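Since the structure comes first, as structure tokens, the remarks are kept for the end.
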Amino acid sequence: MTQIRLTNTRTRRKEDFVPIDPANVRLYLCGPTVYDRAHLGNARPVLVFDLLVRLLRHEYGDRAVTYVRNFTDVDDKINAEAQRRRAAGSDLSLEALIAERTEETIGWYHADMDALGALRPDHEPRATAYVGQMVAMTADLIAKGHAYEAEGHVLFDVRSFPDYGQLSGRSVDDMIAGARVEVAPFKRDPMDFVLWKPSSDDLPGWDSPWGRGRPGWHIECSAMSAALLGPHFDIHGGGIDLQFPHHENEIAQSCCAHPQAGFANVWLHNEMLQVEGKKMSKSLGNFFTVRDLLDRGVPGEVIRFVMLSTHYRKPMDWTETKAQEAEAVLRRWHGLVAGIEPATSPAPALIEALADDLNAAGAIAVLHDLAGREDAAGLLASARMLGLLLPGMGEWAQADGEAAGQIEALLAARLAARQARDFGRADAIRDGFAAAGVEVKDTAQGPEWSLAAGFNPARLADLARTHGT
RNA sequence: GGCGGGUUGGCGGAGAGGUUACGCACCGGAUUGCAAAUCCGUGAAGACCGGUUCGAUUCCGGUACCCGCCUCCA
């Protein structure tokens, strides 16, 4: 068994991972707010956790890991979208419009993450299904003196939790000095945050001891993780931008509600995604979703490869060049493992790389080594450990029947030209292949071909029209 | 203002206090009608300034620059 080591944001150190219960390793990942398509940055924590889950299952057994990722379906952006649809003339009720929107978005999310080869979590709780637990937890926090009611709101009293700020390395006083906090007059302390807030009649709401309202954002993860994983579990994660305030607030709520439990042992945060060296944002015009890339013909497997090639704790830069290089590598590997059965286990060096704080880039180097030694069975088994070269994943790298027919005809034409010593024509076909993104290797057994990155069916068809037989 | 991350060879990107990362590109050779692919081989690094050390790109301190968070955000 390989000792897994993970960098724990809470302690800022790389630590040996020791599960609370090796027969049931429990993880929670903060999932998406379901109001729109997942953008590329949303995919990063999903892939980090996907890799982690695969590793944990490899070490502790397939049934010994419980992976929870929530859907946030209570949110003002969702409400705004539903209100917009109703204003646009929809006859449906607000609740129905919200349900419609969230269902649609969850379907998109599943399709997009599936395309990246990400395993579905064991549980995907929706916030709306746990409002009762959130109300109960809120009431409990009031009873324990950690929260108070004010003007229909329930607020968490940060001064009642001395460790507040420990995760993100801030003190309440420092943050107030920074003073960019919404100052609501009914707050005892500017850093106090909302557990429950009132809903007007045109917003979704649930009955509660504090009137009709809806939960604040942070309480859902505290309630759902407790319900599905218990008050003490192994790993909790998300993007580094969630470290504060979301995760800080989760810790405050959960630790105060369950003082002896300890909440999450390990906090795992991935760094942010950039695009061509800049923050991805709508204003810079470099904002795109996973679906945008897939629709543009970038295979999910390529996106996954690029994502894995940068360590999760470093900023990851998405560039067109990386996508092309990844595509070329994957095409080569697909060719190498075609028709091969995977080895019984992944390469030990690959597991060691992953166990060392999910060093996926190091793991990919191991794959290059296996490929270089033409260990196709080992390459396949190891790549699958990373969620690459999975069955059915490489269809994008295969030529369809039409292209294959054209290529075969052109190869025959080239052979005929060479035998006739018409090297001008032979070279024209050769250059045409290169321009169309078809790689031809002349071996002792005759030509072998494969599609390269940037394969262009239209150019191939032109070439076939000009030189085909 | 507070907090955090980064800076490695032409590009991407890891690990390790002293021994080749790796991939792509480049260069030389083999091979080829010419190429491609392949094989063999050569180069090439760790922002800057100090410190610790026999020895640091790797540890410590400082400086510069880049990025992010502190407000919805993965």
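Going through the structure tokens in order, the chains are called A, B, and so on, while each chain numbers its residues from 1 and the ligands are numbered from 1 in the order shown.
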Output the contact residues of chain A with respect to chain B at a cut-off of 8 Å, based on only C-alpha atoms (C1' of nucleotides), as a VMD selection string. chain A and resid 32 41 to 45 168 to 170 174 to 175 177 to 178 180 to 181 238 to 242 244 271 to 272 309 to 310 314 to 315 322 325 361 to 362 365 368 423 427 439 to 442
Non-local contacts of range 226-234 of chain A (12 Å; only C-alpha atoms (C1' of nucleotides); under 4 positions in same chain excluded) as JSON, numbers by chain: {"A": [6, 8, 17, 18, 19, 20, 21, 22, 24, 25, 26, 27, 28, 29, 56, 65, 66, 67, 68, 69, 70, 122, 123, 124, 125, 126, 127, 129, 130, 131, 132, 133, 134, 136, 137, 219, 220, 221, 222, 250, 251, 253, 254, 255, 256, 257, 258, 259, 260, 261, 262, 263, 264, 265, 266, 267, 268]}
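Here the residues within range 202-362 of chain A that DSSP labels strand (DSSP E) on the basis of the backbone are Gly213, Arg214, Pro215, His232, Phe233, Asp234, Ile235, His236, Gly237, Gly238, Gly239, Phe263, Ala264, Asn265, Val266, Trp267, Leu268, His269, Asn270, Leu273, Gln274, Val275, Lys278, Lys279, Met316, Asp317 and Trp318 of chain A.
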Quick check, in Å to one decimal: how far apart do CA of Leu358 in chain A and CA of Thr344 in chain A lie?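 We find that CA of Leu358 in chain A and CA of Thr344 in chain A lie 21.8 Å from each other.
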Residues within 8 Å of Arg304 in chain A, only C-alpha atoms (C1' of nucleotides), excluding chain neighbours under 4 positions, as a list in words: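 Final neighbour list, sorted by chain and number: Leu47, Leu116, Gly117, Gly300, Leu308 and Leu388 of chain A.
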Keeping only N, CA, C and O atoms, write those residues as an mmCIF file, in the first residue's frame.
```
data_model
loop_
_atom_site.group_PDB
_atom_site.id
_atom_site.type_symbol
_atom_site.label_atom_id
_atom_site.label_comp_id
_atom_site.auth_asym_id
_atom_site.auth_seq_id
_atom_site.Cartn_x
_atom_site.Cartn_y
_atom_site.Cartn_z
ATOM 1 N N LEU A 47 -12.109 17.637 -11.724
ATOM 2 C CA LEU A 47 -11.089 16.707 -12.199
ATOM 3 C C LEU A 47 -10.079 16.388 -11.099
ATOM 4 O O LEU A 47 -9.594 15.261 -11.009
ATOM 5 N N LEU A 116 -15.715 14.794 -19.849
ATOM 6 C CA LEU A 116 -14.339 14.923 -19.361
ATOM 7 C C LEU A 116 -13.861 13.644 -18.681
ATOM 8 O O LEU A 116 -12.758 13.589 -18.157
ATOM 9 N N GLY A 117 -14.729 12.644 -18.666
ATOM 10 C CA GLY A 117 -14.341 11.384 -18.045
ATOM 11 C C GLY A 117 -14.403 11.421 -16.529
ATOM 12 O O GLY A 117 -13.773 10.609 -15.860
ATOM 13 N N GLY A 300 -13.195 15.988 -24.944
ATOM 14 C CA GLY A 300 -13.146 16.037 -23.488
ATOM 15 C C GLY A 300 -11.859 15.431 -22.953
ATOM 16 O O GLY A 300 -11.311 15.890 -21.950
ATOM 17 N N LEU A 308 -4.821 18.066 -16.293
ATOM 18 C CA LEU A 308 -3.995 17.237 -15.417
ATOM 19 C C LEU A 308 -2.509 17.570 -15.551
ATOM 20 O O LEU A 308 -1.712 17.177 -14.704
ATOM 21 N N LEU A 388 -7.748 8.533 -18.471
ATOM 22 C CA LEU A 388 -7.442 8.730 -19.892
ATOM 23 C C LEU A 388 -7.489 7.379 -20.593
ATOM 24 O O LEU A 388 -7.364 6.333 -19.958
#
```
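Separating CA of Arg465 in chain A from CA of Gly424 in chain A is a distance of 17.2 Å.
You will find CA of Thr33 in chain A at 21.5 Å from CA of Met307 in chain A.
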Need the shell around Ala376 in chain A: protein/DNA/RNA residues with any atom at most 9 Å away, counting only C-alpha atoms (C1' of nucleotides). Skip same-chain ones fewer than 6 positions apart. Format as a list of chain:residue names?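 In the requested form, the answer reads A:Trp333, A:Leu336, A:Val337, A:Ala338, A:Ile340, A:Glu341, A:Pro342, A:Ala343, A:Leu370.
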As a list of chain:residue names, please: the residues near range 45-51 of chain B (cut-off 6 Å, only C-alpha atoms (C1' of nucleotides), same-chain neighbours under 3 positions excluded).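 Counting only the stated atoms, we get B:U7, B:U8, B:G9, B:U57.
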Option closest in space to A44 in chain B, from B:G10, B:U31, B:G18, B:C59 [counting only C-alpha atoms (C1' of nucleotides)]: B:G10
